Amino acid sequence: MWQTLKDNLSFVLVTLAVFAGLVLLALLAEKLLIREKRKLEPARYIAYMAMFAALAGVLMLLEVPLLFVAPDFYKLDLSEIPVLICAFSMGPAAGVVCEFLKVVVKLLLKGTTTAFVGDFANFAVGCSMVLPASILYNTKRTFRRAVVSLIVGGLIMTVFGSLFNAVYLIPAFARLYGAPIDAILGMAQKVNPHVNSVYAMAALCVAPFNVIKAVAVSVITLPLYKRVKKLIKMDQ
C-alpha cells in the first residue's frame, strides 16, 4: 500500500511540475520572443478561455481508437483544435492553461479510465504541439507562418510524444494501472508484430498515431482559425 501511495504522489508531483514548467516557459516566450502583444480585458480573457476550454473538453470525450496503428487505449480526439485557436488568438500561456482546463473539464464530465496517466499524456503531449506552434505563429501572424507553425508543432509532438511514452508514460501506466509491461507490449504486438520493446512500441505505434493526430488537427484548425479570429477583437 505504501508503494502505491508513493507512486501516486510521485505522479501528482510530476504533473504539477510539468504544468508549472510549461506555463513558465510560455510566459518567458511571450516576454522575450513576442514583440506585438495582444491584450484583452480580464473579463473577456477569462470568458474566451472558459469557452475554448469547455469546447475542447467536450471534444475530448469524442474519442476514436485507431486500431490499425496503435492499441485501443490510444484514442484519437480533436480537442487540440480549440486549444490551438485559443493559443493563436491569445498567446502561448493561454494555450497551456486552456489545455490544462480542457483535461479538467473532461475529468469532471467522464472521469478517468487510465489511472489519470492518459489524461496527463493528453495534456503534456498536446502542449508539445500547442506551445511551439503558438510561439512561432505569434512572432509573425501570417497565414504562411500559421502553416509552418502547425507543421513544426506536429513534428515536435510526434518526437516528444514518442519519447515521453517510452521513457515515462508507458511505465507509469503499468505501475498505476497495474498492467504488466509484457501485457501492454502484447496488445501492441497484435497491431504490429515487430513491437518487441517499449521503445519499439513508441516508434511503431505511438509515432504514427501522433502523426495522424497532428495532420487531422492542423487541417481543421487552419480554416476555422481564419473565421474565429474575426470574432475575437483584440485590443492592440
# chains A, B, ... in the order shown; residues from 1 in each chain; ligands from 1
call {"tool": "select_by_dssp", "arguments": {"residues": "chain A", "states": "helix (DSSP H, G or I)", "output": "NGL selection string"}}
result
:A and (2-32 or 42-61 or 80-90 or 92-110 or 117-138 or 143-177 or 181-191 or 198-231)
call {"tool": "closest_atom_pairs", "arguments": {"of": "region 29-112 of chain A", "to": "region 210-222 of chain A", "cutoff": "8 Å", "atoms": "only C-alpha atoms", "output": "tab-separated table"}}
result
residue	atom	partner	partner_atom	distance
A:Leu76	CA	A:Lys213	CA	6.6
A:Asp77	CA	A:Lys213	CA	7.7
A:Leu78	CA	A:Val217	CA	6.1
A:Glu80	CA	A:Val217	CA	6.7
A:Ile81	CA	A:Thr221	CA	5.5
A:Pro82	CA	A:Thr221	CA	8.0
A:Leu84	CA	A:Thr221	CA	7.3
A:Ile85	CA	A:Thr221	CA	7.1
call {"tool": "select_by_dssp", "arguments": {"residues": "region 48-212 of chain A", "states": "strand (DSSP E)", "output": "list in words"}}
result
Val64, Pro65, Lys75 and Leu76 of chain A
call {"tool": "residues_around", "arguments": {"residues": "Met90 (chain A)", "least_positions_apart": "2", "cutoff": "12 Å", "atoms": "only C-alpha atoms", "output": "PDB file with C-alpha atoms, in the first residue's frame"}}
result
ATOM      1  CA  ALA A  26       5.094  30.125 -22.212  1.00  0.00           C
ATOM      2  CA  GLU A  30       5.708  35.821 -24.590  1.00  0.00           C
ATOM      3  CA  ILE A  34       6.686  38.039 -28.993  1.00  0.00           C
ATOM      4  CA  GLU A  36       3.461  42.588 -30.676  1.00  0.00           C
ATOM      5  CA  LYS A  37       1.374  41.766 -27.626  1.00  0.00           C
ATOM      6  CA  ARG A  38      -2.315  41.019 -27.834  1.00  0.00           C
ATOM      7  CA  LYS A  39      -4.364  42.279 -24.934  1.00  0.00           C
ATOM      8  CA  LEU A  40      -7.856  41.556 -23.722  1.00  0.00           C
ATOM      9  CA  GLU A  41      -9.847  42.930 -20.848  1.00  0.00           C
ATOM     10  CA  PRO A  42      -9.636  40.449 -17.923  1.00  0.00           C
ATOM     11  CA  ARG A  44     -13.158  38.855 -21.851  1.00  0.00           C
ATOM     12  CA  TYR A  45      -9.905  36.926 -21.406  1.00  0.00           C
ATOM     13  CA  ILE A  46     -11.487  34.627 -18.815  1.00  0.00           C
ATOM     14  CA  ALA A  47     -14.669  34.262 -20.862  1.00  0.00           C
ATOM     15  CA  TYR A  48     -12.816  33.251 -24.030  1.00  0.00           C
ATOM     16  CA  MET A  49     -10.555  30.909 -22.058  1.00  0.00           C
ATOM     17  CA  PHE A  52     -12.341  27.315 -25.602  1.00  0.00           C
ATOM     18  CA  PRO A  82      -9.993  24.860 -29.789  1.00  0.00           C
ATOM     19  CA  VAL A  83      -6.779  24.967 -27.755  1.00  0.00           C
ATOM     20  CA  LEU A  84      -4.719  25.928 -30.802  1.00  0.00           C
ATOM     21  CA  ILE A  85      -7.234  28.619 -31.758  1.00  0.00           C
ATOM     22  CA  CYS A  86      -7.048  29.923 -28.191  1.00  0.00           C
ATOM     23  CA  ALA A  87      -3.231  29.920 -28.251  1.00  0.00           C
ATOM     24  CA  PHE A  88      -3.053  31.573 -31.674  1.00  0.00           C
ATOM     25  CA  PRO A  92       1.128  30.628 -25.663  1.00  0.00           C
ATOM     26  CA  ALA A  93       0.383  30.940 -21.922  1.00  0.00           C
ATOM     27  CA  ALA A  94      -3.353  30.985 -22.637  1.00  0.00           C
ATOM     28  CA  GLY A  95      -2.892  27.875 -24.756  1.00  0.00           C
ATOM     29  CA  VAL A  96      -1.148  25.942 -21.963  1.00  0.00           C
ATOM     30  CA  VAL A  97      -3.767  26.918 -19.377  1.00  0.00           C
ATOM     31  CA  CYS A  98      -6.568  26.090 -21.820  1.00  0.00           C
ATOM     32  CA  SER A 134       1.700  29.269 -30.855  1.00  0.00           C
ATOM     33  CA  ILE A 135       5.104  30.797 -30.047  1.00  0.00           C
ATOM     34  CA  TYR A 137       2.904  31.908 -35.017  1.00  0.00           C
ATOM     35  CA  ASN A 138       2.658  34.832 -32.611  1.00  0.00           C
ATOM     36  CA  LYS A 229     -10.178  35.311 -35.193  1.00  0.00           C
ATOM     37  CA  ILE A 232     -12.297  37.859 -31.290  1.00  0.00           C
ATOM     38  CA  LYS A 233     -11.453  41.540 -31.469  1.00  0.00           C
ATOM     39  CA  MET A 234      -8.078  42.157 -29.856  1.00  0.00           C
ATOM     40  CA  ASP A 235      -7.014  45.455 -28.365  1.00  0.00           C
ATOM     41  CA  GLN A 236      -3.577  46.032 -29.842  1.00  0.00           C
TER      42      GLN A 236
END
call {"tool": "atom_distance", "arguments": {"atom1": "CA of Met60 (chain A)", "atom2": "CA of Phe19 (chain A)"}}
result
18.7 Å
call {"tool": "closest_atom_pairs", "arguments": {"of": "region 38-129 of chain A", "to": "region 150-170 of chain A", "cutoff": "6 Å", "atoms": "only C-alpha atoms", "output": "JSON lines"}}
result
{"residue": "A:Val125", "atom": "CA", "partner": "A:Gly161", "partner_atom": "CA", "distance": 5.4}
{"residue": "A:Ser128", "atom": "CA", "partner": "A:Met157", "partner_atom": "CA", "distance": 5.1}
{"residue": "A:Met129", "atom": "CA", "partner": "A:Gly153", "partner_atom": "CA", "distance": 4.2}
call {"tool": "write_last_selection", "arguments": {"atoms": "C-alpha atoms", "output": "short mmCIF file (atom, residue, chain, number, x, y, z; two decimals), in the first residue's frame"}}
result
data_model
loop_
_atom_site.label_atom_id
_atom_site.label_comp_id
_atom_site.auth_asym_id
_atom_site.auth_seq_id
_atom_site.Cartn_x
_atom_site.Cartn_y
_atom_site.Cartn_z
CA VAL A 125 1.77 15.78 -25.49
CA SER A 128 4.23 19.85 -27.07
CA MET A 129 2.33 20.85 -30.22
#
call {"tool": "residues_around", "arguments": {"residues": "Lys102 (chain A)", "least_positions_apart": "3", "cutoff": "7 Å", "atoms": "only C-alpha atoms", "output": "PyMOL selection string"}}
result
chain A and resi 53-54+56-57+98-99+105-106
